[in-house]
>>> print(open('protein22.tsv').read())   # TSV, C-alpha atoms and all ligand atoms
chain	number	residue	atom	x	y	z
A	196	MET	CA	149.77	96.89	77.88
A	197	SER	CA	148.83	97.94	81.41
A	198	SER	CA	145.48	99.59	82.14
A	199	ARG	CA	146.85	102.49	84.18
A	200	THR	CA	148.41	105.43	82.35
A	201	PRO	CA	151.97	105.80	83.65
A	202	HIS	CA	153.37	109.12	84.86
A	203	VAL	CA	156.90	110.39	84.16
A	204	LEU	CA	158.72	113.34	85.70
A	205	ALA	CA	160.86	114.57	82.78
A	206	ILE	CA	163.70	116.86	83.85
A	207	GLN	CA	165.59	118.38	80.92
A	208	SER	CA	165.87	121.48	78.74
A	209	HIS	CA	163.03	123.50	77.26
A	210	VAL	CA	163.47	125.43	74.04
A	211	VAL	CA	160.89	128.03	73.06
A	212	PHE	CA	161.48	127.50	69.33
A	213	GLY	CA	162.06	124.04	67.89
A	214	HIS	CA	162.79	120.71	69.48
A	215	ALA	CA	165.41	119.52	71.97
A	216	GLY	CA	165.17	118.17	75.49
A	217	ASN	CA	161.60	118.26	76.82
A	218	SER	CA	160.60	120.15	73.67
A	219	ALA	CA	161.55	117.03	71.70
A	220	ALA	CA	160.37	114.34	74.14
A	221	VAL	CA	157.19	115.45	75.91
A	222	PHE	CA	154.76	115.49	72.97
A	223	PRO	CA	155.89	112.12	71.53
A	224	MET	CA	155.80	110.49	74.98
A	225	ARG	CA	152.26	111.72	75.49
A	226	ARG	CA	151.32	110.66	71.97
A	227	VAL	CA	152.30	107.06	72.72
A	228	GLY	CA	150.30	107.08	75.94
A	229	VAL	CA	152.13	108.29	79.04
A	230	ASN	CA	151.46	111.31	81.24
A	231	VAL	CA	154.48	113.59	81.36
A	232	TRP	CA	155.30	116.11	84.07
A	233	PRO	CA	157.84	118.40	82.34
A	234	LEU	CA	160.29	120.10	84.69
A	235	ASN	CA	162.68	122.34	82.80
A	236	THR	CA	166.38	122.68	83.62
A	237	VAL	CA	166.93	125.58	81.24
A	238	GLN	CA	164.69	127.78	79.16
A	239	PHE	CA	166.53	128.73	75.99
A	240	SER	CA	165.23	130.45	72.88
A	241	ASN	CA	166.48	127.55	70.73
A	242	HIS	CA	168.91	124.61	70.96
A	243	THR	CA	172.60	125.38	71.25
A	244	GLN	CA	173.60	124.02	67.86
A	245	TYR	CA	172.38	127.23	66.23
A	246	GLY	CA	175.52	128.73	67.81
A	247	HIS	CA	173.66	131.45	69.73
A	248	TRP	CA	170.68	131.51	72.00
A	249	THR	CA	169.07	133.57	74.76
A	250	GLY	CA	167.44	132.52	78.01
A	251	GLN	CA	168.74	131.03	81.19
A	252	VAL	CA	169.65	128.06	83.34
A	253	LEU	CA	166.95	127.72	85.99
A	254	PRO	CA	167.94	127.69	89.68
A	255	PRO	CA	168.56	124.18	91.07
A	256	GLU	CA	166.33	124.99	94.09
A	257	GLN	CA	163.36	124.84	91.73
A	258	ILE	CA	163.66	121.07	91.51
A	259	PRO	CA	163.03	120.21	95.20
A	260	ALA	CA	160.50	123.04	95.48
A	261	LEU	CA	158.41	121.71	92.59
A	262	VAL	CA	158.70	118.10	93.78
A	263	GLU	CA	157.54	119.15	97.27
A	264	GLY	CA	154.63	120.98	95.68
A	265	ILE	CA	153.56	117.74	94.01
A	266	ALA	CA	154.04	115.85	97.29
A	267	ALA	CA	151.83	118.42	99.04
A	268	ILE	CA	148.89	117.66	96.76
A	269	GLY	CA	149.38	113.95	97.40
A	270	GLU	CA	150.45	113.03	93.86
A	271	LEU	CA	154.14	112.16	94.26
A	272	GLY	CA	153.42	108.45	94.75
A	273	ASN	CA	151.90	108.43	91.25
A	274	CYS	CA	155.30	109.14	89.73
A	275	ASP	CA	156.41	105.93	87.97
A	276	ALA	CA	159.66	107.22	86.53
A	277	VAL	CA	162.14	110.06	86.39
A	278	LEU	CA	163.80	110.96	83.10
A	279	SER	CA	166.80	113.27	83.08
A	280	GLY	CA	168.54	114.77	80.07
A	281	TYR	CA	170.19	118.09	79.32
A	282	LEU	CA	171.30	119.75	82.58
A	283	GLY	CA	172.26	123.38	83.05
A	284	SER	CA	174.53	122.74	86.04
A	285	ALA	CA	175.89	119.92	88.21
A	286	ALA	CA	173.87	121.34	91.12
A	287	GLN	CA	170.73	120.56	89.13
A	288	GLY	CA	171.99	117.00	88.71
A	289	ARG	CA	172.40	116.59	92.46
A	290	ALA	CA	168.94	118.07	93.02
A	291	ILE	CA	167.54	115.46	90.61
A	292	LEU	CA	169.11	112.61	92.58
A	293	GLU	CA	167.65	114.04	95.79
A	294	ALA	CA	164.25	114.38	94.11
A	295	LEU	CA	164.53	110.76	92.98
A	296	ALA	CA	165.17	109.62	96.55
A	297	ARG	CA	162.13	111.63	97.68
A	298	ILE	CA	159.98	110.07	94.93
A	299	ARG	CA	161.15	106.59	95.87
A	300	GLU	CA	159.95	107.20	99.45
A	301	ALA	CA	156.51	107.77	97.94
A	302	ASN	CA	156.81	105.04	95.29
A	303	PRO	CA	159.64	102.53	95.86
A	304	ARG	CA	159.13	101.11	92.36
A	305	ALA	CA	159.84	104.39	90.54
A	306	ILE	CA	162.54	103.96	87.92
A	307	TYR	CA	165.19	106.39	86.70
A	308	LEU	CA	166.35	106.73	83.10
A	309	CYS	CA	169.38	108.95	82.62
A	310	ASP	CA	170.28	110.31	79.18
A	311	PRO	CA	173.79	111.54	79.99
A	312	VAL	CA	173.82	114.56	77.67
A	313	MET	CA	177.42	115.76	77.66
A	314	GLY	CA	178.99	118.74	76.02
A	315	LEU	CA	180.29	117.92	72.57
A	316	PRO	CA	181.72	121.26	71.47
A	317	ASP	CA	182.70	119.83	68.04
A	318	LYS	CA	179.03	119.06	67.42
A	319	GLY	CA	177.88	122.40	68.85
A	320	CYS	CA	176.15	120.81	71.83
A	321	ILE	CA	177.19	123.08	74.68
A	322	VAL	CA	176.85	121.76	78.25
A	323	ALA	CA	178.63	123.13	81.35
A	324	PRO	CA	181.86	121.06	81.81
A	325	GLU	CA	181.07	120.12	85.45
A	326	VAL	CA	177.93	118.33	84.22
A	327	GLY	CA	180.04	115.66	82.52
A	328	GLU	CA	181.79	114.87	85.79
A	329	PHE	CA	178.50	114.66	87.63
A	330	LEU	CA	177.09	112.21	85.06
A	331	LEU	CA	180.19	110.00	85.10
A	332	GLN	CA	180.67	109.94	88.86
A	333	GLU	CA	177.19	110.18	90.34
A	334	ALA	CA	174.26	109.69	87.98
A	335	ALA	CA	175.36	106.40	86.41
A	336	ALA	CA	175.46	104.70	89.81
A	337	VAL	CA	171.82	105.50	90.51
A	338	ALA	CA	170.24	105.09	87.05
A	339	ASP	CA	168.13	102.04	86.16
A	340	TYR	CA	168.54	102.80	82.47
A	341	LEU	CA	171.40	104.69	80.86
A	342	CYS	CA	171.12	105.95	77.27
A	343	PRO	CA	174.49	107.33	76.09
A	344	ASN	CA	175.47	108.02	72.48
A	345	GLN	CA	178.86	106.74	71.34
A	346	LEU	CA	180.80	109.78	72.52
A	347	GLU	CA	179.15	109.61	75.93
A	348	LEU	CA	179.90	105.88	76.12
A	349	ASP	CA	183.53	106.68	75.26
A	350	SER	CA	183.63	109.26	78.06
A	351	PHE	CA	182.28	106.72	80.55
A	352	CYS	CA	184.88	104.14	79.50
A	353	GLN	CA	187.68	106.65	78.81
A	354	ARG	CA	188.46	105.12	75.45
A	355	SER	CA	187.01	104.66	71.97
A	356	PRO	CA	185.93	101.28	70.63
A	357	ARG	CA	187.95	99.05	68.29
A	358	SER	CA	184.99	97.10	66.92
A	359	LEU	CA	181.30	96.34	67.41
A	360	GLU	CA	182.20	93.60	69.91
A	361	ASP	CA	184.21	96.20	71.78
A	362	CYS	CA	181.16	98.52	71.88
A	363	VAL	CA	179.25	95.64	73.48
A	364	ASP	CA	182.03	95.18	76.05
A	365	MET	CA	182.07	98.90	76.81
A	366	ALA	CA	178.29	99.07	77.23
A	367	ARG	CA	178.32	95.92	79.39
A	368	SER	CA	181.01	97.46	81.60
A	369	LEU	CA	178.46	100.17	82.48
A	370	LEU	CA	176.05	97.52	83.76
A	371	ALA	CA	178.56	96.90	86.53
A	372	ARG	CA	177.94	100.46	87.76
A	373	GLY	CA	174.30	99.63	88.47
A	374	PRO	CA	171.93	100.15	85.51
A	375	LYS	CA	169.58	97.31	84.49
A	376	ALA	CA	170.12	98.13	80.83
A	377	VAL	CA	172.19	100.43	78.65
A	378	LEU	CA	170.86	101.69	75.32
A	379	VAL	CA	173.57	103.13	73.07
A	380	LYS	CA	171.56	105.45	70.85
A	381	HIS	CA	174.13	105.81	68.09
A	382	LEU	CA	177.10	103.54	67.48
A	383	ASN	CA	180.34	104.49	65.82
A	384	TYR	CA	183.29	102.10	65.59
A	385	PRO	CA	186.00	101.20	63.06
A	386	GLY	CA	184.49	99.14	60.25
A	387	LYS	CA	180.87	100.25	60.79
A	388	PRO	CA	178.95	100.06	57.47
A	389	SER	CA	178.68	103.59	56.12
A	390	ASP	CA	175.06	103.25	54.94
A	391	ALA	CA	173.60	102.27	58.33
A	392	PHE	CA	172.63	103.93	61.59
A	393	GLU	CA	173.19	101.45	64.40
A	394	MET	CA	172.07	101.14	68.01
A	395	LEU	CA	172.75	98.70	70.82
A	396	LEU	CA	170.89	97.49	73.89
A	397	VAL	CA	172.60	95.47	76.63
A	398	SER	CA	171.09	94.04	79.80
A	399	ALA	CA	171.46	90.99	82.04
A	400	GLU	CA	169.29	89.13	79.47
A	401	GLY	CA	171.63	89.70	76.54
A	402	ASN	CA	172.88	92.06	73.84
A	403	TRP	CA	170.81	93.34	70.89
A	404	HIS	CA	172.06	95.18	67.86
A	405	LEU	CA	169.79	97.13	65.54
A	406	ARG	CA	170.46	98.70	62.16
A	407	ARG	CA	168.33	101.26	60.33
A	408	PRO	CA	169.02	103.24	57.14
A	409	LEU	CA	171.25	106.29	57.47
A	410	LEU	CA	169.38	109.25	55.99
A	411	ALA	CA	171.09	112.23	54.36
A	412	PHE	CA	170.46	115.69	55.85
A	413	PRO	CA	172.07	119.01	54.87
A	414	ARG	CA	172.38	119.74	58.63
A	415	GLN	CA	172.04	116.93	61.19
A	416	PRO	CA	168.78	117.30	63.14
A	417	VAL	CA	169.05	117.86	66.89
A	418	GLY	CA	166.91	116.32	69.61
A	419	VAL	CA	167.04	112.83	68.14
A	420	GLY	CA	168.70	111.47	71.27
A	421	ASP	CA	166.13	113.10	73.52
A	422	LEU	CA	163.31	111.69	71.42
A	423	THR	CA	164.93	108.25	71.57
A	424	SER	CA	165.36	108.20	75.36
A	425	GLY	CA	161.84	109.51	75.96
A	426	LEU	CA	160.12	106.99	73.71
A	427	PHE	CA	162.16	104.10	75.08
A	428	LEU	CA	161.14	104.99	78.64
A	429	ALA	CA	157.51	105.49	77.61
A	430	ARG	CA	157.31	102.03	76.05
A	431	LEU	CA	159.01	100.40	79.04
A	432	LEU	CA	156.42	102.00	81.30
A	433	LEU	CA	153.62	100.77	79.06
A	434	GLY	CA	154.81	97.26	79.91
A	435	GLU	CA	157.05	96.33	77.01
A	436	ALA	CA	160.17	94.24	77.44
A	437	PRO	CA	163.36	96.28	76.86
A	438	CYS	CA	164.07	94.62	73.49
A	439	THR	CA	160.53	95.32	72.22
A	440	ALA	CA	160.67	98.92	73.48
A	441	PHE	CA	164.04	99.26	71.73
A	442	GLU	CA	162.62	98.09	68.39
A	443	PHE	CA	159.57	100.35	68.72
A	444	THR	CA	161.76	103.35	69.53
A	445	ALA	CA	164.02	102.80	66.53
A	446	ALA	CA	161.01	102.58	64.22
A	447	ALA	CA	159.21	105.65	65.65
A	448	VAL	CA	162.37	107.78	65.56
A	449	HIS	CA	163.04	106.68	61.99
A	450	GLU	CA	159.50	107.75	61.03
A	451	VAL	CA	160.18	111.23	62.48
A	452	LEU	CA	163.43	111.48	60.54
A	453	LEU	CA	161.71	110.41	57.30
A	454	GLU	CA	159.07	113.11	57.79
A	455	THR	CA	161.75	115.68	58.66
A	456	GLN	CA	163.78	114.78	55.58
A	457	HIS	CA	160.66	114.84	53.38
A	458	CYS	CA	159.80	118.37	54.59
A	459	GLY	CA	163.37	119.60	54.19
A	460	SER	CA	163.28	120.86	57.80
A	461	TYR	CA	166.17	121.34	60.20
A	462	GLU	CA	163.89	120.96	63.25
A	463	LEU	CA	162.23	117.58	63.85
A	464	GLU	CA	158.72	117.37	62.31
A	465	LEU	CA	157.13	115.90	65.42
A	466	VAL	CA	153.62	117.24	64.89
A	467	ARG	CA	153.41	116.10	61.29
A	468	ALA	CA	154.85	112.71	62.25
A	469	GLN	CA	152.57	112.13	65.25
A	470	ASP	CA	150.53	109.28	63.80
A	471	ARG	CA	153.68	107.62	62.50
A	472	ILE	CA	155.19	107.91	66.01
A	473	ALA	CA	152.17	106.17	67.54
A	474	HIS	CA	151.96	103.55	64.75
A	475	PRO	CA	155.28	103.21	62.94
A	476	ARG	CA	154.98	101.71	59.46
A	477	VAL	CA	158.60	100.59	59.39
A	478	ARG	CA	159.97	97.83	61.57
A	479	PHE	CA	163.56	97.05	62.50
A	480	GLU	CA	164.51	93.80	64.15
A	481	ALA	CA	166.99	93.87	67.01
A	482	LYS	CA	169.34	90.92	66.57
A	483	ALA	CA	170.88	89.13	69.52
A	484	ILE	CA	174.68	89.33	69.39
A	501	LIG	N1	168.73	107.37	60.42
A	501	LIG	C1	169.50	108.46	60.55
A	501	LIG	N2	170.09	108.98	59.49
A	501	LIG	C2	170.88	110.04	59.62
A	501	LIG	N3	171.17	110.65	60.77
A	501	LIG	C3	170.58	110.19	61.86
A	501	LIG	C4	169.73	109.08	61.83
A	501	LIG	N4	169.32	108.84	63.10
A	501	LIG	C5	169.91	109.78	63.87
A	501	LIG	N5	170.66	110.60	63.14
A	501	LIG	C6	171.52	111.68	63.57
A	501	LIG	O1	172.55	111.07	64.27
A	501	LIG	C7	173.02	111.91	65.31
A	501	LIG	C8	172.97	111.18	66.62
A	501	LIG	O2	173.69	112.00	67.43
A	501	LIG	P1	174.41	111.49	68.66
A	501	LIG	O3	175.32	112.56	69.11
A	501	LIG	O4	175.06	110.21	68.43
A	501	LIG	O5	173.19	111.27	69.66
A	501	LIG	P2	172.34	112.41	70.35
A	501	LIG	O6	171.19	112.70	69.44
A	501	LIG	O7	171.96	111.89	71.66
A	501	LIG	O8	173.21	113.59	70.54
A	501	LIG	C9	172.16	113.13	65.31
A	501	LIG	O9	172.86	114.14	64.64
A	501	LIG	C10	170.93	112.68	64.51
A	501	LIG	O10	170.35	113.75	63.85
A	502	LIG	C1	169.17	122.81	74.83
A	502	LIG	C2	169.53	121.44	74.34
A	502	LIG	N1	168.95	120.37	74.88
A	502	LIG	C3	169.25	119.12	74.49
A	502	LIG	C4	170.19	118.86	73.52
A	502	LIG	C5	170.50	117.44	73.17
A	502	LIG	O1	170.04	117.11	71.91
A	502	LIG	P1	170.27	115.65	71.31
A	502	LIG	O2	169.04	114.87	71.56
A	502	LIG	O3	170.51	115.85	69.85
A	502	LIG	O4	171.42	115.05	72.02
A	502	LIG	C6	170.83	119.95	72.91
A	502	LIG	C7	171.81	119.72	71.87
A	502	LIG	O5	172.46	120.61	71.37
A	502	LIG	C8	170.49	121.26	73.33
A	502	LIG	O6	171.07	122.34	72.79
A	503	MG	MG	172.11	113.51	73.13
>>> encode(input="protein22.tsv", output="structure tokens")
Amino acid sequence: MSSRTPHVLAIQSHVVFGHAGNSAAVFPMRRVGVNVWPLNTVQFSNHTQYGHWTGQVLPPEQIPALVEGIAAIGELGNCDAVLSGYLGSAAQGRAILEALARIREANPRAIYLCDPVMGLPDKGCIVAPEVGEFLLQEAAAVADYLCPNQLELDSFCQRSPRSLEDCVDMARSLLARGPKAVLVKHLNYPGKPSDAFEMLLVSAEGNWHLRRPLLAFPRQPVGVGDLTSGLFLARLLLGEAPCTAFEFTAAAVHEVLLETQHCGSYELELVRAQDRIAHPRVRFEAKAI
């Protein structure tokens, strides 16, 4: 582990009540040891899967204005990474890419992890339709790490997978667009064992598949993807190899889900699970495939 505490500019949603976007990722990232600079794309009362919410999408001009403010106090070069997730508009997405270019002037080694949160109306995750286009066409080309779920991977590849091997091929096809690694946070393919939750990591070094138990919930918790992307980036910045960061992330997220299930909560029990996030008791091995 490195001696300097890394800094991450995290640009995604904020919910006043509960956990999604920055409200799911910031506390766990800090708990594992990184400094987070939360920059909110929207401020909603609650996540969209409740079906109704209040609040607003924040103006895209805020992004360059806040980044310039940090530059003006001489701190922009301390930014080691940019994380983006839930966006309120495509204009915000473009502002993030401009901010990234500005940050890279100050710190050429800054990395960018993009969680391409797309609208999945069937699931109740509501994102402006233009955001999907922005993610497919523009963000993927610039990202160092891309963390889609299966449906987002399908959107990138414009098809659904036939098998696990096909998921690997689809994820590897994204490497050709530029990212160093692609983490598929949730796999779904014909023939997938029904008792397992599976994830995949692909990079130039290889392909790793990981399986953890599928837990039963009366309503599927939200924010799991945001927690996953945030912890993966945090562990990378702390100096772990992608495969090790992947295994840690799976274990820490599973600990949160166990706590959430134990409490019978709909919202993630991040505070109660904080020690388990920092020191997961479970361990899942990522297998090379
Ligand atoms: N071990 C698990 N058991 C049951 N459900 C899980 C488990 N891990 C994650 N989930 C659920 O799986 C879903 C993953 O959603 P998905 O759309 O694939 O990714 P994202 O969270 O990025 O939207 C979420 O509903 C999450 O609550
Ligand atoms: C405001 C907000 N942010 C982020 C998300 C993404 O959550 P997840 O991590 O489950 O993909 C959602 C999902 O509905 C949301 O409503
Ligand atoms: Mg998601």
>>> residues_near_ligand(input="protein22.tsv", ligand="ligand MG 503 (chain A)", cutoff="10 Å", atoms="only C-alpha atoms and all ligand atoms", output="VMD selection string")
chain A and resid 215 to 216 280 to 281 310 to 315 320 342 to 347 380 to 381 417 to 424
>>> write_last_selection(input="protein22.tsv", atoms="C-alpha atoms", output="tab-separated table (two decimals), keeping the file's coordinate frame")
chain	number	residue	atom	x	y	z
A	215	ALA	CA	165.41	119.52	71.97
A	216	GLY	CA	165.17	118.17	75.49
A	280	GLY	CA	168.54	114.77	80.07
A	281	TYR	CA	170.19	118.09	79.32
A	310	ASP	CA	170.28	110.31	79.18
A	311	PRO	CA	173.79	111.54	79.99
A	312	VAL	CA	173.82	114.56	77.67
A	313	MET	CA	177.42	115.76	77.66
A	314	GLY	CA	178.99	118.74	76.02
A	315	LEU	CA	180.29	117.92	72.57
A	320	CYS	CA	176.15	120.81	71.83
A	342	CYS	CA	171.12	105.95	77.27
A	343	PRO	CA	174.49	107.33	76.09
A	344	ASN	CA	175.47	108.02	72.48
A	345	GLN	CA	178.86	106.74	71.34
A	346	LEU	CA	180.80	109.78	72.52
A	347	GLU	CA	179.15	109.61	75.93
A	380	LYS	CA	171.56	105.45	70.85
A	381	HIS	CA	174.13	105.81	68.09
A	417	VAL	CA	169.05	117.86	66.89
A	418	GLY	CA	166.91	116.32	69.61
A	419	VAL	CA	167.04	112.83	68.14
A	420	GLY	CA	168.70	111.47	71.27
A	421	ASP	CA	166.13	113.10	73.52
A	422	LEU	CA	163.31	111.69	71.42
A	423	THR	CA	164.93	108.25	71.57
A	424	SER	CA	165.36	108.20	75.36
>>> residues_near_point(input="protein22.tsv", point="(170.7, 122.7, 62.1)", cutoff="10 Å", atoms="all atoms listed in the file", output="CSV table (one decimal) with C-alpha atoms, keeping the file's coordinate frame")
chain,number,residue,atom,x,y,z
A,242,HIS,CA,168.9,124.6,71.0
A,243,THR,CA,172.6,125.4,71.2
A,244,GLN,CA,173.6,124.0,67.9
A,245,TYR,CA,172.4,127.2,66.2
A,246,GLY,CA,175.5,128.7,67.8
A,319,GLY,CA,177.9,122.4,68.8
A,412,PHE,CA,170.5,115.7,55.8
A,413,PRO,CA,172.1,119.0,54.9
A,414,ARG,CA,172.4,119.7,58.6
A,415,GLN,CA,172.0,116.9,61.2
A,416,PRO,CA,168.8,117.3,63.1
A,417,VAL,CA,169.0,117.9,66.9
A,460,SER,CA,163.3,120.9,57.8
A,461,TYR,CA,166.2,121.3,60.2
A,462,GLU,CA,163.9,121.0,63.2
>>> closest_residue(input="protein22.tsv", among="A:Ala290, A:Leu428, A:Ile268, A:Ala481", to="Pro254 in chain A", atoms="only C-alpha atoms")
A:Ala290
>>> atom_distance(input="protein22.tsv", atom1="CA of Gly272 in chain A", atom2="CA of Ser284 in chain A")
26.9 Å
>>> atom_distance(input="protein22.tsv", atom1="CA of Phe443 in chain A", atom2="CA of Gly459 in chain A")
24.4 Å
>>> residues_near_point(input="protein22.tsv", point="(160.0, 128.5, 67.9)", cutoff="8 Å", atoms="all atoms listed in the file", output="VMD selection string")
chain A and resid 210 to 213 240 to 241
>>> closest_residue(input="protein22.tsv", among="A:Leu410, A:Val252, A:Val203, A:Ala483", to="ligand LIG 501 (chain A)", atoms="all atoms listed in the file")
A:Leu410
>>> closest_residue(input="protein22.tsv", among="A:Ala468, A:Ala473, A:Leu341, A:Leu278", to="Val451 in chain A", atoms="all atoms listed in the file")
A:Ala468
>>> atom_distance(input="protein22.tsv", atom1="CA of Ile484 in chain A", atom2="CA of Arg367 in chain A")
12.5 Å
>>> closest_residue(input="protein22.tsv", among="A:Ser368, A:His247, A:Ala301, A:Val448", to="Ala267 in chain A", atoms="all atoms listed in the file")
A:Ala301
>>> residues_around(input="protein22.tsv", residues="Pro303 in chain A", least_positions_apart="5", cutoff="12 Å", atoms="all atoms listed in the file", output="number ranges by chain")
A: 271-276, 295-298
>>> axis_aligned_box(input="protein22.tsv", around="ligand LIG 502 (chain A)", padding_each_side="3 Å", output="JSON")
{"center_x": 170.7, "center_y": 118.8, "center_z": 72.4, "size_x": 9.5, "size_y": 13.9, "size_z": 11.0}
>>> closest_residue(input="protein22.tsv", among="A:Ala286, A:Leu395, A:Leu359, A:Met365", to="ligand LIG 501 (chain A)", atoms="only C-alpha atoms and all ligand atoms")
A:Leu395
>>> residues_around(input="protein22.tsv", residues="Ala336 in chain A", least_positions_apart="5", cutoff="10 Å", atoms="only C-alpha atoms", output="JSON, numbers by chain")
{"A": [330, 331, 341, 369, 370, 371, 372, 373, 374]}
>>> residues_around(input="protein22.tsv", residues="Ser358 in chain A", least_positions_apart="4", cutoff="9 Å", atoms="only C-alpha atoms", output="PyMOL selection string")
chain A and resi 362-363+383-387
>>> build_atoms(input="protein22.tsv", residues="range 373-384 of chain A", atoms="N, CA, C and O atoms", output="PDB file, in the frame of the given file")
ATOM      1  N   GLY A 373     175.635  99.671  87.854  1.00  0.00           N
ATOM      2  CA  GLY A 373     174.300  99.630  88.470  1.00  0.00           C
ATOM      3  C   GLY A 373     173.099  99.554  87.550  1.00  0.00           C
ATOM      4  O   GLY A 373     172.086  98.985  87.932  1.00  0.00           O
ATOM      5  N   PRO A 374     173.148 100.160  86.334  1.00  0.00           N
ATOM      6  CA  PRO A 374     171.930 100.150  85.510  1.00  0.00           C
ATOM      7  C   PRO A 374     171.475  98.737  85.131  1.00  0.00           C
ATOM      8  O   PRO A 374     172.296  97.843  84.971  1.00  0.00           O
ATOM      9  N   LYS A 375     170.141  98.593  84.945  1.00  0.00           N
ATOM     10  CA  LYS A 375     169.580  97.310  84.490  1.00  0.00           C
ATOM     11  C   LYS A 375     169.841  97.116  83.005  1.00  0.00           C
ATOM     12  O   LYS A 375     169.891  95.997  82.527  1.00  0.00           O
ATOM     13  N   ALA A 376     169.888  98.215  82.274  1.00  0.00           N
ATOM     14  CA  ALA A 376     170.120  98.130  80.830  1.00  0.00           C
ATOM     15  C   ALA A 376     170.776  99.419  80.351  1.00  0.00           C
ATOM     16  O   ALA A 376     170.595 100.482  80.956  1.00  0.00           O
ATOM     17  N   VAL A 377     171.549  99.273  79.284  1.00  0.00           N
ATOM     18  CA  VAL A 377     172.190 100.430  78.650  1.00  0.00           C
ATOM     19  C   VAL A 377     171.783 100.432  77.181  1.00  0.00           C
ATOM     20  O   VAL A 377     171.952  99.416  76.497  1.00  0.00           O
ATOM     21  N   LEU A 378     171.217 101.541  76.737  1.00  0.00           N
ATOM     22  CA  LEU A 378     170.860 101.690  75.320  1.00  0.00           C
ATOM     23  C   LEU A 378     171.858 102.674  74.716  1.00  0.00           C
ATOM     24  O   LEU A 378     171.907 103.841  75.139  1.00  0.00           O
ATOM     25  N   VAL A 379     172.654 102.215  73.760  1.00  0.00           N
ATOM     26  CA  VAL A 379     173.570 103.130  73.070  1.00  0.00           C
ATOM     27  C   VAL A 379     172.819 103.608  71.832  1.00  0.00           C
ATOM     28  O   VAL A 379     172.538 102.827  70.921  1.00  0.00           O
ATOM     29  N   LYS A 380     172.506 104.920  71.832  1.00  0.00           N
ATOM     30  CA  LYS A 380     171.560 105.450  70.850  1.00  0.00           C
ATOM     31  C   LYS A 380     172.155 105.609  69.465  1.00  0.00           C
ATOM     32  O   LYS A 380     171.433 105.809  68.498  1.00  0.00           O
ATOM     33  N   HIS A 381     173.475 105.546  69.382  1.00  0.00           N
ATOM     34  CA  HIS A 381     174.130 105.810  68.090  1.00  0.00           C
ATOM     35  C   HIS A 381     175.537 105.245  68.181  1.00  0.00           C
ATOM     36  O   HIS A 381     176.347 105.749  68.958  1.00  0.00           O
ATOM     37  N   LEU A 382     175.789 104.186  67.417  1.00  0.00           N
ATOM     38  CA  LEU A 382     177.100 103.540  67.480  1.00  0.00           C
ATOM     39  C   LEU A 382     178.047 104.099  66.433  1.00  0.00           C
ATOM     40  O   LEU A 382     177.634 104.456  65.334  1.00  0.00           O
ATOM     41  N   ASN A 383     179.303 104.118  66.780  1.00  0.00           N
ATOM     42  CA  ASN A 383     180.340 104.490  65.820  1.00  0.00           C
ATOM     43  C   ASN A 383     181.598 103.723  66.206  1.00  0.00           C
ATOM     44  O   ASN A 383     182.044 103.802  67.348  1.00  0.00           O
ATOM     45  N   TYR A 384     182.102 102.917  65.287  1.00  0.00           N
ATOM     46  CA  TYR A 384     183.290 102.100  65.590  1.00  0.00           C
ATOM     47  C   TYR A 384     183.997 101.813  64.268  1.00  0.00           C
ATOM     48  O   TYR A 384     183.375 101.886  63.190  1.00  0.00           O
TER      49      TYR A 384
END
